[in-house]
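Structure file run.txt (compact mmCIF, C-alpha atoms and all ligand atoms) follows.
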```txt
# COMPACT_ATOMS: atom_id res chain seq x y z
CA MET A 1 1.60 -8.01 18.08
CA ASP A 2 2.61 -10.18 15.15
CA ARG A 3 2.76 -8.65 11.72
CA VAL A 4 3.18 -9.55 8.08
CA LEU A 5 5.31 -7.03 6.22
CA ILE A 6 5.64 -5.89 2.64
CA ARG A 7 8.40 -3.42 1.81
CA GLU A 8 8.75 -1.13 -1.19
CA LEU A 9 5.98 -2.68 -3.25
CA ARG A 10 6.48 -0.85 -6.53
CA ILE A 11 3.34 0.20 -8.36
CA ASP A 12 3.55 1.96 -11.72
CA THR A 13 0.33 3.86 -12.29
CA VAL A 14 -1.34 7.14 -13.22
CA ILE A 15 -1.05 9.25 -10.08
CA GLY A 16 -1.08 12.99 -9.53
CA ILE A 17 -3.05 16.21 -9.47
CA TYR A 18 -1.59 17.92 -12.54
CA ASP A 19 -2.71 17.44 -16.13
CA TRP A 20 0.76 16.31 -17.24
CA GLU A 21 0.73 13.63 -14.56
CA LYS A 22 -2.47 12.18 -15.98
CA GLN A 23 -0.63 11.46 -19.27
CA ILE A 24 2.18 9.35 -17.78
CA HIS A 25 2.89 6.49 -15.42
CA GLN A 26 4.83 7.14 -12.22
CA SER A 27 6.09 4.78 -9.56
CA LEU A 28 4.81 4.53 -6.02
CA LEU A 29 6.51 2.52 -3.28
CA LEU A 30 4.26 1.03 -0.62
CA ASP A 31 5.26 -0.29 2.79
CA LEU A 32 2.57 -2.37 4.48
CA ASP A 33 2.56 -3.49 8.12
CA MET A 34 -0.35 -5.87 8.69
CA ALA A 35 -1.31 -7.24 12.08
CA TRP A 36 -1.66 -11.00 11.84
CA ASP A 37 -1.43 -13.76 14.41
CA ASN A 38 1.50 -15.77 13.08
CA ARG A 39 1.44 -18.39 15.84
CA LEU A 40 -0.82 -20.83 13.99
CA PRO A 41 0.98 -20.75 10.64
CA GLY A 42 4.29 -20.81 12.50
CA SER A 43 3.40 -23.83 14.60
CA THR A 44 1.63 -25.85 11.90
CA ASP A 45 3.73 -24.87 8.87
CA ASP A 46 0.38 -24.62 7.06
CA TYR A 47 0.07 -21.95 4.38
CA ARG A 48 -3.72 -21.84 4.77
CA HIS A 49 -3.30 -20.05 8.09
CA ALA A 50 -0.88 -17.47 6.77
CA LEU A 51 -1.61 -14.03 5.41
CA CYS A 52 -0.07 -14.49 1.98
CA TYR A 53 2.16 -11.51 1.16
CA GLU A 54 2.19 -12.58 -2.50
CA THR A 55 -1.62 -12.59 -2.78
CA VAL A 56 -1.83 -9.27 -0.94
CA SER A 57 0.81 -7.69 -3.18
CA LYS A 58 -0.95 -8.74 -6.39
CA ARG A 59 -4.32 -7.50 -5.13
CA ILE A 60 -2.98 -4.09 -4.07
CA VAL A 61 -1.27 -3.58 -7.44
CA GLU A 62 -4.53 -4.53 -9.18
CA LEU A 63 -6.53 -2.17 -6.96
CA VAL A 64 -4.27 0.86 -7.30
CA THR A 65 -3.77 0.53 -11.07
CA ALA A 66 -7.49 0.07 -11.86
CA GLN A 67 -8.07 3.79 -12.39
CA PRO A 68 -6.21 7.11 -12.34
CA ILE A 69 -5.85 8.58 -8.86
CA GLU A 70 -4.91 12.12 -7.87
CA LEU A 71 -3.69 11.87 -4.28
CA ILE A 72 -1.38 9.42 -2.61
CA GLU A 73 -3.65 9.80 0.43
CA THR A 74 -6.34 8.08 -1.64
CA VAL A 75 -3.96 5.22 -2.43
CA ALA A 76 -3.27 4.80 1.29
CA GLU A 77 -6.97 4.79 2.24
CA MET A 78 -7.94 2.38 -0.56
CA THR A 79 -5.14 0.03 0.42
CA ALA A 80 -6.02 0.04 4.13
CA ASN A 81 -9.70 -0.49 3.37
CA CYS A 82 -8.95 -3.42 1.06
CA LEU A 83 -6.68 -5.13 3.58
CA MET A 84 -9.27 -4.85 6.33
CA THR A 85 -12.38 -5.80 4.34
CA GLU A 86 -10.97 -8.41 1.94
CA PHE A 87 -8.19 -9.99 3.98
CA GLY A 88 -9.51 -9.59 7.52
CA VAL A 89 -6.54 -7.57 8.74
CA LEU A 90 -7.56 -5.84 11.99
CA TRP A 91 -4.82 -3.19 12.04
CA VAL A 92 -2.68 -1.87 9.25
CA LYS A 93 -0.02 0.76 8.70
CA VAL A 94 0.30 1.92 5.11
CA ARG A 95 3.11 4.13 3.87
CA VAL A 96 2.92 5.46 0.31
CA MET A 97 6.06 7.10 -1.08
CA LYS A 98 6.27 8.95 -4.38
CA PRO A 99 9.92 9.06 -5.47
CA GLY A 100 10.85 11.99 -7.67
CA ALA A 101 7.73 14.03 -6.98
CA VAL A 102 9.81 16.78 -5.40
CA PRO A 103 13.17 17.08 -7.17
CA SER A 104 15.03 18.17 -4.06
CA ALA A 105 13.71 15.25 -2.00
CA THR A 106 14.53 11.57 -2.42
CA ALA A 107 10.86 10.82 -1.92
CA VAL A 108 7.75 12.29 -0.36
CA GLY A 109 4.90 10.33 1.10
CA VAL A 110 2.11 9.73 3.57
CA GLU A 111 1.56 7.17 6.30
CA ILE A 112 -1.70 6.09 7.90
CA GLU A 113 -2.75 3.58 10.52
CA ARG A 114 -6.25 2.09 10.52
CA GLY A 115 -8.04 -0.35 12.77
CA HIS A 116 -6.90 -1.77 16.08
CA CYS A 117 -5.72 -5.10 17.39
N1 LIG A 201 -0.32 15.64 0.36
C1 LIG A 201 -0.16 15.58 -0.99
N2 LIG A 201 0.43 16.62 -1.62
C2 LIG A 201 0.59 16.56 -2.94
C3 LIG A 201 0.18 15.44 -3.69
C4 LIG A 201 -0.42 14.36 -3.01
O1 LIG A 201 -0.81 13.32 -3.58
N3 LIG A 201 -0.58 14.47 -1.66
N4 LIG A 201 0.41 15.40 -5.05
C5 LIG A 201 1.01 16.38 -5.67
C6 LIG A 201 1.35 16.27 -7.08
O2 LIG A 201 0.68 15.26 -7.74
C7 LIG A 201 2.88 16.09 -7.14
O3 LIG A 201 3.23 14.77 -6.74
C8 LIG A 201 3.48 16.41 -8.45
O4 LIG A 201 4.90 16.45 -8.35
C9 LIG A 201 1.43 17.62 -4.98
N5 LIG A 201 1.19 17.59 -3.58
```
Using the file provided, produce a representation of the structure as structure tokens.
Amino acid sequence: MDRVLIRELRIDTVIGIYDWEKQIHQSLLLDLDMAWDNRLPGSTDDYRHALCYETVSKRIVELVTAQPIELIETVAEMTANCLMTEFGVLWVKVRVMKPGAVPSATAVGVEIERGHC
């Protein structure tokens, strides 16, 4: 299965369950694995057939920063839903990491897979 990948997409936004978290911006790092048939763009060298990682990245940043969110699970679900409904991705793996959320851990996070190929 071909994929288009985005690694460590940094999103600075209001995220968290505690009152103090709602007053600040924190960073999230997103890894996205998106099923996409890369044969056509690869054989034609035609951007119109490609899943544009730049367009996807901008849209996900816009989506996640549009309002405060409490749970990183919500970020993962919103992201997966957007990729499937707006970009026609049939299967996606979304990992959302929250660096610094637990002082004794480098990062904590969640990972989901949605759809099927
Ligand atoms: N499974 C989750 N657990 C926790 C979350 C979360 O989004 N998903 N969030 C918090 C707090 O916001 C935390 O990040 C503050 O440091 C706690 N647990």
Notebook entry, point to check: Quick one: distance from CA of Asn38 (chain A) to CA of Ile11 (chain A) in Å, one decimal?
Noted result: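 Value for the CA of Asn38 (chain A)-CA of Ile11 (chain A) distance: 26.8 Å.
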Checklist line | Counting all atoms listed in the file, the residue of A:Val56, A:Ala66, A:Ala76, A:Val4 that sits nearest Pro41 (chain A) | finding: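 Between A:Val56, A:Ala66, A:Ala76, A:Val4, the residue approaching Pro41 (chain A) most closely is A:Val4.
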Margin query: Calculated over all atoms listed in the file, which of the candidates A:Leu90, A:Leu29, A:Ile69, A:Val64 has the smallest distance to ligand LIG 201 (chain A)?
Written below: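 With all atoms listed in the file as the atom set, the closest residue is A:Ile69.
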Next item on the list: Name all residues at most 12 Å from Ile72 (chain A) (count only C-alpha atoms; drop same-chain ones fewer than 5 positions away) and give them as a PyMOL selection string.
Entry: chain A and resi 11+13-17+26-30+64+77-79+94-99+101+108-112
Selection export as a PDB file, keeping the file's coordinate frame, atoms kept: C-alpha atoms:
```
ATOM      1  CA  ILE A  11       3.340   0.200  -8.360  1.00  0.00           C
ATOM      2  CA  THR A  13       0.330   3.860 -12.290  1.00  0.00           C
ATOM      3  CA  VAL A  14      -1.340   7.140 -13.220  1.00  0.00           C
ATOM      4  CA  ILE A  15      -1.050   9.250 -10.080  1.00  0.00           C
ATOM      5  CA  GLY A  16      -1.080  12.990  -9.530  1.00  0.00           C
ATOM      6  CA  ILE A  17      -3.050  16.210  -9.470  1.00  0.00           C
ATOM      7  CA  GLN A  26       4.830   7.140 -12.220  1.00  0.00           C
ATOM      8  CA  SER A  27       6.090   4.780  -9.560  1.00  0.00           C
ATOM      9  CA  LEU A  28       4.810   4.530  -6.020  1.00  0.00           C
ATOM     10  CA  LEU A  29       6.510   2.520  -3.280  1.00  0.00           C
ATOM     11  CA  LEU A  30       4.260   1.030  -0.620  1.00  0.00           C
ATOM     12  CA  VAL A  64      -4.270   0.860  -7.300  1.00  0.00           C
ATOM     13  CA  GLU A  77      -6.970   4.790   2.240  1.00  0.00           C
ATOM     14  CA  MET A  78      -7.940   2.380  -0.560  1.00  0.00           C
ATOM     15  CA  THR A  79      -5.140   0.030   0.420  1.00  0.00           C
ATOM     16  CA  VAL A  94       0.300   1.920   5.110  1.00  0.00           C
ATOM     17  CA  ARG A  95       3.110   4.130   3.870  1.00  0.00           C
ATOM     18  CA  VAL A  96       2.920   5.460   0.310  1.00  0.00           C
ATOM     19  CA  MET A  97       6.060   7.100  -1.080  1.00  0.00           C
ATOM     20  CA  LYS A  98       6.270   8.950  -4.380  1.00  0.00           C
ATOM     21  CA  PRO A  99       9.920   9.060  -5.470  1.00  0.00           C
ATOM     22  CA  ALA A 101       7.730  14.030  -6.980  1.00  0.00           C
ATOM     23  CA  VAL A 108       7.750  12.290  -0.360  1.00  0.00           C
ATOM     24  CA  GLY A 109       4.900  10.330   1.100  1.00  0.00           C
ATOM     25  CA  VAL A 110       2.110   9.730   3.570  1.00  0.00           C
ATOM     26  CA  GLU A 111       1.560   7.170   6.300  1.00  0.00           C
ATOM     27  CA  ILE A 112      -1.700   6.090   7.900  1.00  0.00           C
TER      28      ILE A 112
END
```
Please build the interface table for region 12-41 of chain A against region 82-89 of chain A with a cut-off of 12 Å, listing for each qualifying residue the nearest atom pair and the distance in Å to one decimal; count all atoms listed in the file, order rows by chain and increasing number, and write it as a Markdown table.
```
| residue | atom | partner | partner_atom | distance |
| --- | --- | --- | --- | --- |
| A:Leu32 | CA | A:Leu83 | CA | 9.7 |
| A:Asp33 | CA | A:Val89 | CA | 10.0 |
| A:Met34 | CA | A:Val89 | CA | 6.4 |
| A:Ala35 | CA | A:Val89 | CA | 6.2 |
| A:Trp36 | CA | A:Val89 | CA | 6.7 |
| A:Asp37 | CA | A:Val89 | CA | 9.8 |
```
Any chance you can output those residues with C-alpha atoms as a tab-separated table (two decimals), in the frame of the given file?
```tsv
chain	number	residue	atom	x	y	z
A	32	LEU	CA	2.57	-2.37	4.48
A	33	ASP	CA	2.56	-3.49	8.12
A	34	MET	CA	-0.35	-5.87	8.69
A	35	ALA	CA	-1.31	-7.24	12.08
A	36	TRP	CA	-1.66	-11.00	11.84
A	37	ASP	CA	-1.43	-13.76	14.41
```
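When CA of Arg7 (chain A) is paired with CA of Gln23 (chain A), their separation reads 27.3 Å.
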If I wrap all listed atoms of region 85-89 of chain A in a box with edges along x, y and z and add 6 Å on each side, what are its centre and edge lengths in Å to one decimal, as lines of an AutoDock Vina configuration file?
```
center_x = -9.5
center_y = -7.9
center_z = 5.3
size_x = 17.8
size_y = 16.2
size_z = 18.8
```
Check: Hey, which of A:Leu63, A:Cys52, A:Ile24, A:Ala80 ends up closest to ligand LIG 201 (chain A)? Count all atoms listed in the file.
Finding: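 Checking each of A:Leu63, A:Cys52, A:Ile24, A:Ala80 against ligand LIG 201 (chain A), counting all atoms listed in the file, the winner is A:Ile24.
The space between CA of Glu73 (chain A) and atom N3 of ligand LIG 201 (chain A) spans 6.0 Å.
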Checklist line | Nearest to ligand LIG 201 (chain A) by atom-to-atom distance, counting all atoms listed in the file, from A:Ile6, A:Ala105, A:Met1, A:Cys117 | finding: A:Ala105
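When all atoms listed in the file are used to measure the gap to Lys93 (chain A), the shortest distance among A:Thr55, A:Ile60, A:Leu5, A:Gly42 belongs to A:Leu5.
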Item checked: Distance criterion (all atoms listed in the file): nearest to ligand LIG 201 (chain A) out of A:Lys22, A:Arg59, A:Arg48, A:Arg39 ->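 Looking only at the distances to ligand LIG 201 (chain A), the closest residue turns out to be A:Lys22.
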